[in-house]
>>> print(open('input.pdb').read())   # PDB, C-alpha atoms
ATOM      1  CA  MET R   1       0.000   0.000   0.000
ATOM      2  CA  THR R   2       1.443   3.345  -1.012
ATOM      3  CA  SER R   3       0.864   6.621   0.700
ATOM      4  CA  SER R   4      -0.352   9.610  -1.274
ATOM      5  CA  ALA R   5       1.046  12.053   1.286
ATOM      6  CA  PRO R   6       3.615  14.426  -0.211
ATOM      7  CA  GLN R   7       7.224  13.681   0.538
ATOM      8  CA  ILE R   8       9.065  16.384   2.437
ATOM      9  CA  GLU R   9      12.575  16.969   1.185
ATOM     10  CA  THR R  10      14.985  17.353   4.085
ATOM     11  CA  LYS R  11      18.165  17.988   2.107
ATOM     12  CA  LEU R  12      19.061  21.398   0.785
ATOM     13  CA  SER R  13      19.073  21.505  -2.981
ATOM     14  CA  PHE R  14      21.483  23.477  -5.119
ATOM     15  CA  HIS R  15      19.466  22.634  -8.240
ATOM     16  CA  TYR R  16      17.643  25.680  -9.493
ATOM     17  CA  THR R  17      14.503  25.384 -11.572
ATOM     18  CA  THR R  18      13.916  27.616 -14.553
ATOM     19  CA  THR R  19      11.426  29.537 -12.412
ATOM     20  CA  ASP R  20      14.115  30.070  -9.752
ATOM     21  CA  LEU R  21      16.598  31.384 -12.314
ATOM     22  CA  VAL R  22      14.065  33.689 -13.968
ATOM     23  CA  MET R  23      12.968  35.033 -10.574
ATOM     24  CA  MET R  24      16.576  35.745  -9.558
ATOM     25  CA  ALA R  25      17.323  37.433 -12.899
ATOM     26  CA  VAL R  26      14.169  39.583 -12.886
ATOM     27  CA  LEU R  27      14.703  40.653  -9.277
ATOM     28  CA  ALA R  28      18.367  41.422  -9.984
ATOM     29  CA  ALA R  29      17.456  43.490 -13.060
ATOM     30  CA  ALA R  30      14.776  45.471 -11.232
ATOM     31  CA  GLY R  31      17.162  46.075  -8.337
ATOM     32  CA  ALA R  32      19.976  47.123 -10.667
ATOM     33  CA  VAL R  33      17.814  49.766 -12.350
ATOM     34  CA  LEU R  34      16.609  51.114  -8.997
ATOM     35  CA  SER R  35      20.116  51.063  -7.542
ATOM     36  CA  ALA R  36      21.837  52.749 -10.470
ATOM     37  CA  TRP R  37      19.252  55.422 -11.176
ATOM     38  CA  VAL R  38      17.314  56.026  -7.952
ATOM     39  CA  ILE R  39      19.095  54.804  -4.796
ATOM     40  CA  ASN R  40      22.658  55.827  -5.760
ATOM     41  CA  PRO R  41      21.882  59.528  -6.310
ATOM     42  CA  ILE R  42      20.152  59.688  -2.915
ATOM     43  CA  VAL R  43      23.003  57.895  -1.148
ATOM     44  CA  ARG R  44      25.683  60.020  -2.841
ATOM     45  CA  ALA R  45      23.893  63.221  -1.826
ATOM     46  CA  LEU R  46      23.586  62.059   1.786
ATOM     47  CA  ASN R  47      27.248  60.957   1.858
ATOM     48  CA  ILE R  48      28.190  64.619   1.601
ATOM     49  CA  GLY R  49      26.608  65.188   5.010
ATOM     50  CA  SER R  50      27.261  61.871   6.715
ATOM     51  CA  PRO R  51      28.145  58.397   5.456
ATOM     52  CA  PHE R  52      26.475  57.053   8.591
ATOM     53  CA  LEU R  53      23.176  58.629   7.568
ATOM     54  CA  ALA R  54      23.596  57.513   3.946
ATOM     55  CA  ALA R  55      23.813  53.895   5.095
ATOM     56  CA  TRP R  56      20.106  53.810   5.914
ATOM     57  CA  PRO R  57      18.703  54.394   2.417
ATOM     58  CA  GLY R  58      21.767  52.573   1.056
ATOM     59  CA  THR R  59      20.409  49.334   2.503
ATOM     60  CA  LEU R  60      17.729  49.395  -0.193
ATOM     61  CA  HIS R  61      20.397  48.185  -2.647
ATOM     62  CA  LEU R  62      20.030  44.736  -1.090
ATOM     63  CA  VAL R  63      16.260  44.366  -0.920
ATOM     64  CA  VAL R  64      16.034  42.315  -4.127
ATOM     65  CA  ILE R  65      18.848  40.020  -2.984
ATOM     66  CA  VAL R  66      17.050  39.274   0.279
ATOM     67  CA  ILE R  67      13.747  38.767  -1.555
ATOM     68  CA  ALA R  68      15.424  36.279  -3.911
ATOM     69  CA  ALA R  69      16.867  34.354  -0.963
ATOM     70  CA  GLN R  70      13.432  34.278   0.698
ATOM     71  CA  LYS R  71      11.530  33.212  -2.432
ATOM     72  CA  VAL R  72      13.975  30.672  -3.908
ATOM     73  CA  LYS R  73      14.877  29.112  -0.515
ATOM     74  CA  LYS R  74      18.028  27.433  -1.822
ATOM     75  CA  PRO R  75      21.683  27.966  -0.968
ATOM     76  CA  GLY R  76      23.401  30.330  -3.348
ATOM     77  CA  ALA R  77      20.264  32.199  -4.485
ATOM     78  CA  ALA R  78      21.329  35.414  -2.761
ATOM     79  CA  LEU R  79      24.868  35.131  -4.122
ATOM     80  CA  VAL R  80      23.711  34.497  -7.702
ATOM     81  CA  THR R  81      21.210  37.360  -7.491
ATOM     82  CA  GLY R  82      23.880  39.656  -6.041
ATOM     83  CA  LEU R  83      26.328  38.870  -8.832
ATOM     84  CA  ILE R  84      23.709  39.337 -11.568
ATOM     85  CA  ASN R  85      22.674  42.576  -9.891
ATOM     86  CA  GLY R  86      26.297  43.767  -9.833
ATOM     87  CA  VAL R  87      26.840  43.029 -13.529
ATOM     88  CA  LEU R  88      23.604  44.753 -14.485
ATOM     89  CA  GLN R  89      24.305  47.807 -12.317
ATOM     90  CA  MET R  90      27.616  48.170 -14.087
ATOM     91  CA  LEU R  91      25.897  47.902 -17.485
ATOM     92  CA  PHE R  92      23.096  50.308 -16.484
ATOM     93  CA  GLY R  93      25.590  53.048 -15.669
ATOM     94  CA  ASN R  94      26.229  52.868 -11.949
ATOM     95  CA  PRO R  95      29.079  55.353 -11.293
ATOM     96  CA  SER R  96      30.926  52.696  -9.270
ATOM     97  CA  GLY R  97      31.575  50.779 -12.501
ATOM     98  CA  ALA R  98      33.307  47.426 -12.143
ATOM     99  CA  LEU R  99      33.294  47.832  -8.373
ATOM    100  CA  CYS R 100      29.618  46.808  -8.596
ATOM    101  CA  LEU R 101      30.810  43.209  -9.091
ATOM    102  CA  LEU R 102      32.624  43.300  -5.767
ATOM    103  CA  TYR R 103      29.574  44.833  -4.098
ATOM    104  CA  GLY R 104      27.365  42.130  -5.620
ATOM    105  CA  LEU R 105      29.685  39.414  -4.345
ATOM    106  CA  ALA R 106      29.940  40.900  -0.840
ATOM    107  CA  ASN R 107      26.206  41.612  -0.588
ATOM    108  CA  GLY R 108      25.295  38.146  -1.835
ATOM    109  CA  LEU R 109      27.711  36.359   0.498
ATOM    110  CA  GLY R 110      26.532  38.357   3.483
ATOM    111  CA  ALA R 111      22.890  37.703   2.676
ATOM    112  CA  GLU R 112      23.699  33.980   2.337
ATOM    113  CA  ILE R 113      25.200  33.995   5.833
ATOM    114  CA  GLY R 114      22.063  35.607   7.214
ATOM    115  CA  ILE R 115      19.623  33.209   5.610
ATOM    116  CA  ALA R 116      21.860  30.192   6.311
ATOM    117  CA  ILE R 117      21.559  30.956  10.026
ATOM    118  CA  MET R 118      17.817  30.423   9.589
ATOM    119  CA  GLN R 119      18.365  27.337   7.382
ATOM    120  CA  TRP R 120      16.911  28.952   4.240
ATOM    121  CA  LYS R 121      13.440  29.165   5.770
ATOM    122  CA  PRO R 122      11.646  32.392   4.848
ATOM    123  CA  SER R 123      10.517  34.445   7.835
ATOM    124  CA  LEU R 124      10.739  37.968   9.162
ATOM    125  CA  LEU R 125      13.774  37.037  11.248
ATOM    126  CA  SER R 126      15.593  35.406   8.328
ATOM    127  CA  ALA R 127      14.902  38.469   6.139
ATOM    128  CA  MET R 128      16.269  40.717   8.878
ATOM    129  CA  PHE R 129      19.403  38.588   9.396
ATOM    130  CA  SER R 130      19.945  38.314   5.663
ATOM    131  CA  GLY R 131      19.599  42.083   5.276
ATOM    132  CA  ALA R 132      21.863  42.813   8.224
ATOM    133  CA  PHE R 133      24.728  40.541   7.191
ATOM    134  CA  GLY R 134      24.390  41.461   3.503
ATOM    135  CA  VAL R 135      24.504  45.186   4.187
ATOM    136  CA  ALA R 136      27.381  44.853   6.652
ATOM    137  CA  CYS R 137      29.461  42.859   4.155
ATOM    138  CA  GLY R 138      28.672  45.228   1.289
ATOM    139  CA  PHE R 139      29.420  48.300   3.349
ATOM    140  CA  THR R 140      32.751  46.788   4.390
ATOM    141  CA  VAL R 141      33.768  47.274   0.742
ATOM    142  CA  ASP R 142      33.024  50.986   1.250
ATOM    143  CA  LEU R 143      35.741  51.175   3.882
ATOM    144  CA  PHE R 144      38.430  50.226   1.377
ATOM    145  CA  TYR R 145      37.172  52.175  -1.606
ATOM    146  CA  TRP R 146      35.260  55.223  -0.368
ATOM    147  CA  PHE R 147      36.452  55.737   3.217
ATOM    148  CA  PRO R 148      40.051  54.504   3.516
ATOM    149  CA  ASN R 149      40.894  57.282   6.012
ATOM    150  CA  PHE R 150      38.389  56.144   8.635
ATOM    151  CA  THR R 151      40.053  55.242  11.919
ATOM    152  CA  LEU R 152      39.446  51.774  13.360
ATOM    153  CA  PRO R 153      36.719  52.988  15.771
ATOM    154  CA  MET R 154      35.009  54.781  12.862
ATOM    155  CA  GLN R 155      35.239  51.633  10.728
ATOM    156  CA  ILE R 156      33.673  49.527  13.478
ATOM    157  CA  ALA R 157      30.939  52.123  14.013
ATOM    158  CA  TYR R 158      30.276  52.318  10.253
ATOM    159  CA  VAL R 159      29.874  48.552   9.850
ATOM    160  CA  ALA R 160      27.796  48.297  13.058
ATOM    161  CA  ASN R 161      25.558  51.126  11.793
ATOM    162  CA  ALA R 162      25.217  49.314   8.459
ATOM    163  CA  PHE R 163      24.334  46.054  10.246
ATOM    164  CA  VAL R 164      21.557  47.738  12.248
ATOM    165  CA  ALA R 165      20.294  49.614   9.177
ATOM    166  CA  GLY R 166      20.219  46.368   7.203
ATOM    167  CA  LEU R 167      18.451  44.575  10.022
ATOM    168  CA  ILE R 168      15.723  47.206  10.225
ATOM    169  CA  VAL R 169      15.310  48.807   6.791
ATOM    170  CA  CYS R 170      16.398  46.106   4.357
ATOM    171  CA  GLY R 171      14.973  43.225   6.375
ATOM    172  CA  LEU R 172      11.574  44.794   6.942
ATOM    173  CA  VAL R 173      11.193  46.145   3.399
ATOM    174  CA  ALA R 174      12.273  42.833   1.823
ATOM    175  CA  TYR R 175       9.950  40.858   4.080
ATOM    176  CA  GLY R 176       7.017  43.158   3.287
ATOM    177  CA  ILE R 177       7.585  43.015  -0.473
ATOM    178  CA  GLY R 178       8.117  39.249  -0.287
ATOM    179  CA  LYS R 179       4.793  38.840   1.530
ATOM    180  CA  ALA R 180       3.052  41.036  -1.063
ATOM    181  CA  LEU R 181       4.545  38.919  -3.871
ATOM    182  CA  SER R 182       3.316  35.757  -2.142
ATOM    183  CA  ARG R 183      -0.206  37.170  -1.869
ATOM    184  CA  ALA R 184      -0.012  37.964  -5.595
ATOM    185  CA  GLY R 185       0.925  34.367  -6.319
ATOM    186  CA  VAL R 186       4.597  34.910  -7.099
TER     187      VAL R 186
END
>>> encode(input="input.pdb", output="structure tokens")
Amino acid sequence: MTSSAPQIETKLSFHYTTTDLVMMAVLAAAGAVLSAWVINPIVRALNIGSPFLAAWPGTLHLVVIVIAAQKVKKPGAALVTGLINGVLQMLFGNPSGALCLLYGLANGLGAEIGIAIMQWKPSLLSAMFSGAFGVACGFTVDLFYWFPNFTLPMQIAYVANAFVAGLIVCGLVAYGIGKALSRAGV
């Protein structure tokens, strides 16, 4: 006698479906356009006053990466989305140019750490962790490229500020958009 109950897969899968790949690519493209043409000008203007203040809207760069990690629920989804996002930002005219690839790598790896802590299960907490670690890793790149003269205490404060901003802004926004996409059937 066979059971008709669905089998629950307990192993993590690195095999992406076509739907997974399309979702990651579309999210990365939408994020790249927003980052290059909307978020970057805001962040650059705020950097004149305070890089610590600019970190808060700067976390919006990672929203699509966190959404991809939450929707695909497989290891590497955030990293792949981050790298695609970085390539597309470079092509769409982000003033950072090829540095966008490094940002994409750092953001994706950080977001992977955050969602791995929660075992790739989508939730508010996993979105917040993914946002926090992703933003902190991405903003660490800033220290070498944009702010090399920061003292060690300023560097620690900058990354800690980025972590908290990612936890609150990126995590909450990504979770909210992810929930809205789920209600829409995506």
>>> residues_around(input="input.pdb", residues="range 99-110 of chain R", least_positions_apart="6", cutoff="10 Å", atoms="only C-alpha atoms", output="CSV table (one decimal) with C-alpha atoms, in the frame of the given file")
chain,number,residue,atom,x,y,z
R,32,ALA,CA,20.0,47.1,-10.7
R,36,ALA,CA,21.8,52.7,-10.5
R,61,HIS,CA,20.4,48.2,-2.6
R,62,LEU,CA,20.0,44.7,-1.1
R,65,ILE,CA,18.8,40.0,-3.0
R,66,VAL,CA,17.0,39.3,0.3
R,69,ALA,CA,16.9,34.4,-1.0
R,76,GLY,CA,23.4,30.3,-3.3
R,77,ALA,CA,20.3,32.2,-4.5
R,78,ALA,CA,21.3,35.4,-2.8
R,79,LEU,CA,24.9,35.1,-4.1
R,80,VAL,CA,23.7,34.5,-7.7
R,81,THR,CA,21.2,37.4,-7.5
R,82,GLY,CA,23.9,39.7,-6.0
R,83,LEU,CA,26.3,38.9,-8.8
R,84,ILE,CA,23.7,39.3,-11.6
R,85,ASN,CA,22.7,42.6,-9.9
R,86,GLY,CA,26.3,43.8,-9.8
R,87,VAL,CA,26.8,43.0,-13.5
R,88,LEU,CA,23.6,44.8,-14.5
R,89,GLN,CA,24.3,47.8,-12.3
R,90,MET,CA,27.6,48.2,-14.1
R,91,LEU,CA,25.9,47.9,-17.5
R,116,ALA,CA,21.9,30.2,6.3
R,129,PHE,CA,19.4,38.6,9.4
R,130,SER,CA,19.9,38.3,5.7
R,131,GLY,CA,19.6,42.1,5.3
R,132,ALA,CA,21.9,42.8,8.2
R,133,PHE,CA,24.7,40.5,7.2
R,134,GLY,CA,24.4,41.5,3.5
R,135,VAL,CA,24.5,45.2,4.2
R,136,ALA,CA,27.4,44.9,6.7
R,137,CYS,CA,29.5,42.9,4.2
R,138,GLY,CA,28.7,45.2,1.3
R,139,PHE,CA,29.4,48.3,3.3
R,140,THR,CA,32.8,46.8,4.4
R,141,VAL,CA,33.8,47.3,0.7
R,142,ASP,CA,33.0,51.0,1.2
R,145,TYR,CA,37.2,52.2,-1.6
>>> atom_distance(input="input.pdb", atom1="CA of Ile177 in chain R", atom2="CA of Gly31 in chain R")
12.8 Å
>>> residues_around(input="input.pdb", residues="Asn161 in chain R", least_positions_apart="5", cutoff="9 Å", atoms="only C-alpha atoms", output="list in words")
Phe52, Leu53, Ala55, Trp56, Ala136, Ile156 and Gly166 of chain R
>>> atom_distance(input="input.pdb", atom1="CA of Phe144 in chain R", atom2="CA of Ala127 in chain R")
26.7 Å
>>> resolve_selection(input="input.pdb", expression="the PyMOL selection byres ((chain R and resi 125) around 10)", output="PyMOL selection string")
chain R and resi 114-115+117-118+121-124+126-131+167+171-172+175
>>> atom_distance(input="input.pdb", atom1="CA of Asn47 in chain R", atom2="CA of Gly97 in chain R")
18.1 Å
>>> residues_around(input="input.pdb", residues="range 153-155 of chain R", least_positions_apart="4", cutoff="9 Å", atoms="all atoms listed in the file", output="PDB file with C-alpha atoms, in the coordinates of the input")
ATOM      1  CA  THR R 140      32.751  46.788   4.390  1.00  0.00           C
ATOM      2  CA  LEU R 143      35.741  51.175   3.882  1.00  0.00           C
ATOM      3  CA  PHE R 147      36.452  55.737   3.217  1.00  0.00           C
ATOM      4  CA  VAL R 159      29.874  48.552   9.850  1.00  0.00           C
ATOM      5  CA  ALA R 160      27.796  48.297  13.058  1.00  0.00           C
TER       6      ALA R 160
END
>>> residues_around(input="input.pdb", residues="Ala68 in chain R", least_positions_apart="4", cutoff="9 Å", atoms="only C-alpha atoms", output="list in words")
Asp20, Met23, Met24, Leu27, Ala28, Val63, Val64, Val72, Lys73, Ala77, Ala78, Thr81 and Gly178 of chain R
>>> axis_aligned_box(input="input.pdb", around="range 101-119 of chain R", padding_each_side="5 Å", output="AutoDock Vina command-line options")
--center_x 25.2 --center_y 36.1 --center_z 0.5 --size_x 24.8 --size_y 27.5 --size_z 29.1
>>> residues_near_point(input="input.pdb", point="(20.6, 26.8, -7.6)", cutoff="7 Å", atoms="only C-alpha atoms", output="list of chain:residue names")
R:Phe14, R:His15, R:Tyr16, R:Lys74, R:Pro75, R:Gly76, R:Ala77
>>> build_atoms(input="input.pdb", residues="range 95-107 of chain R", atoms="N, CA, C and O atoms", output="mmCIF file, in the frame of the given file")
data_model
loop_
_atom_site.group_PDB
_atom_site.id
_atom_site.type_symbol
_atom_site.label_atom_id
_atom_site.label_comp_id
_atom_site.auth_asym_id
_atom_site.auth_seq_id
_atom_site.Cartn_x
_atom_site.Cartn_y
_atom_site.Cartn_z
ATOM 1 N N PRO R 95 27.779 54.660 -11.293
ATOM 2 C CA PRO R 95 29.079 55.353 -11.293
ATOM 3 C C PRO R 95 30.215 54.533 -10.663
ATOM 4 O O PRO R 95 31.376 54.834 -10.900
ATOM 5 N N SER R 96 29.880 53.522 -9.893
ATOM 6 C CA SER R 96 30.926 52.696 -9.270
ATOM 7 C C SER R 96 31.574 51.756 -10.279
ATOM 8 O O SER R 96 32.608 51.154 -9.990
ATOM 9 N N GLY R 97 30.983 51.589 -11.438
ATOM 10 C CA GLY R 97 31.575 50.779 -12.501
ATOM 11 C C GLY R 97 31.794 49.331 -12.104
ATOM 12 O O GLY R 97 30.918 48.687 -11.536
ATOM 13 N N ALA R 98 32.995 48.834 -12.396
ATOM 14 C CA ALA R 98 33.307 47.426 -12.143
ATOM 15 C C ALA R 98 33.294 47.074 -10.658
ATOM 16 O O ALA R 98 33.179 45.901 -10.300
ATOM 17 N N LEU R 99 33.375 48.078 -9.811
ATOM 18 C CA LEU R 99 33.294 47.832 -8.373
ATOM 19 C C LEU R 99 31.941 47.215 -7.990
ATOM 20 O O LEU R 99 31.824 46.552 -6.965
ATOM 21 N N CYS R 100 30.944 47.403 -8.839
ATOM 22 C CA CYS R 100 29.618 46.808 -8.596
ATOM 23 C C CYS R 100 29.704 45.286 -8.480
ATOM 24 O O CYS R 100 28.921 44.673 -7.745
ATOM 25 N N LEU R 101 30.642 44.670 -9.191
ATOM 26 C CA LEU R 101 30.810 43.209 -9.091
ATOM 27 C C LEU R 101 31.256 42.810 -7.689
ATOM 28 O O LEU R 101 30.765 41.825 -7.131
ATOM 29 N N LEU R 102 32.169 43.579 -7.125
ATOM 30 C CA LEU R 102 32.624 43.300 -5.767
ATOM 31 C C LEU R 102 31.501 43.520 -4.757
ATOM 32 O O LEU R 102 31.320 42.741 -3.832
ATOM 33 N N TYR R 103 30.730 44.593 -4.966
ATOM 34 C CA TYR R 103 29.574 44.833 -4.098
ATOM 35 C C TYR R 103 28.574 43.684 -4.209
ATOM 36 O O TYR R 103 28.044 43.210 -3.209
ATOM 37 N N GLY R 104 28.300 43.241 -5.425
ATOM 38 C CA GLY R 104 27.365 42.130 -5.620
ATOM 39 C C GLY R 104 27.831 40.871 -4.919
ATOM 40 O O GLY R 104 27.036 40.172 -4.284
ATOM 41 N N LEU R 105 29.121 40.580 -5.014
ATOM 42 C CA LEU R 105 29.685 39.414 -4.345
ATOM 43 C C LEU R 105 29.572 39.549 -2.824
ATOM 44 O O LEU R 105 29.108 38.625 -2.142
ATOM 45 N N ALA R 106 29.987 40.687 -2.292
ATOM 46 C CA ALA R 106 29.940 40.900 -0.840
ATOM 47 C C ALA R 106 28.503 40.882 -0.319
ATOM 48 O O ALA R 106 28.204 40.246 0.695
ATOM 49 N N ASN R 107 27.608 41.587 -1.011
ATOM 50 C CA ASN R 107 26.206 41.612 -0.588
ATOM 51 C C ASN R 107 25.590 40.220 -0.623
ATOM 52 O O ASN R 107 24.879 39.818 0.300
#
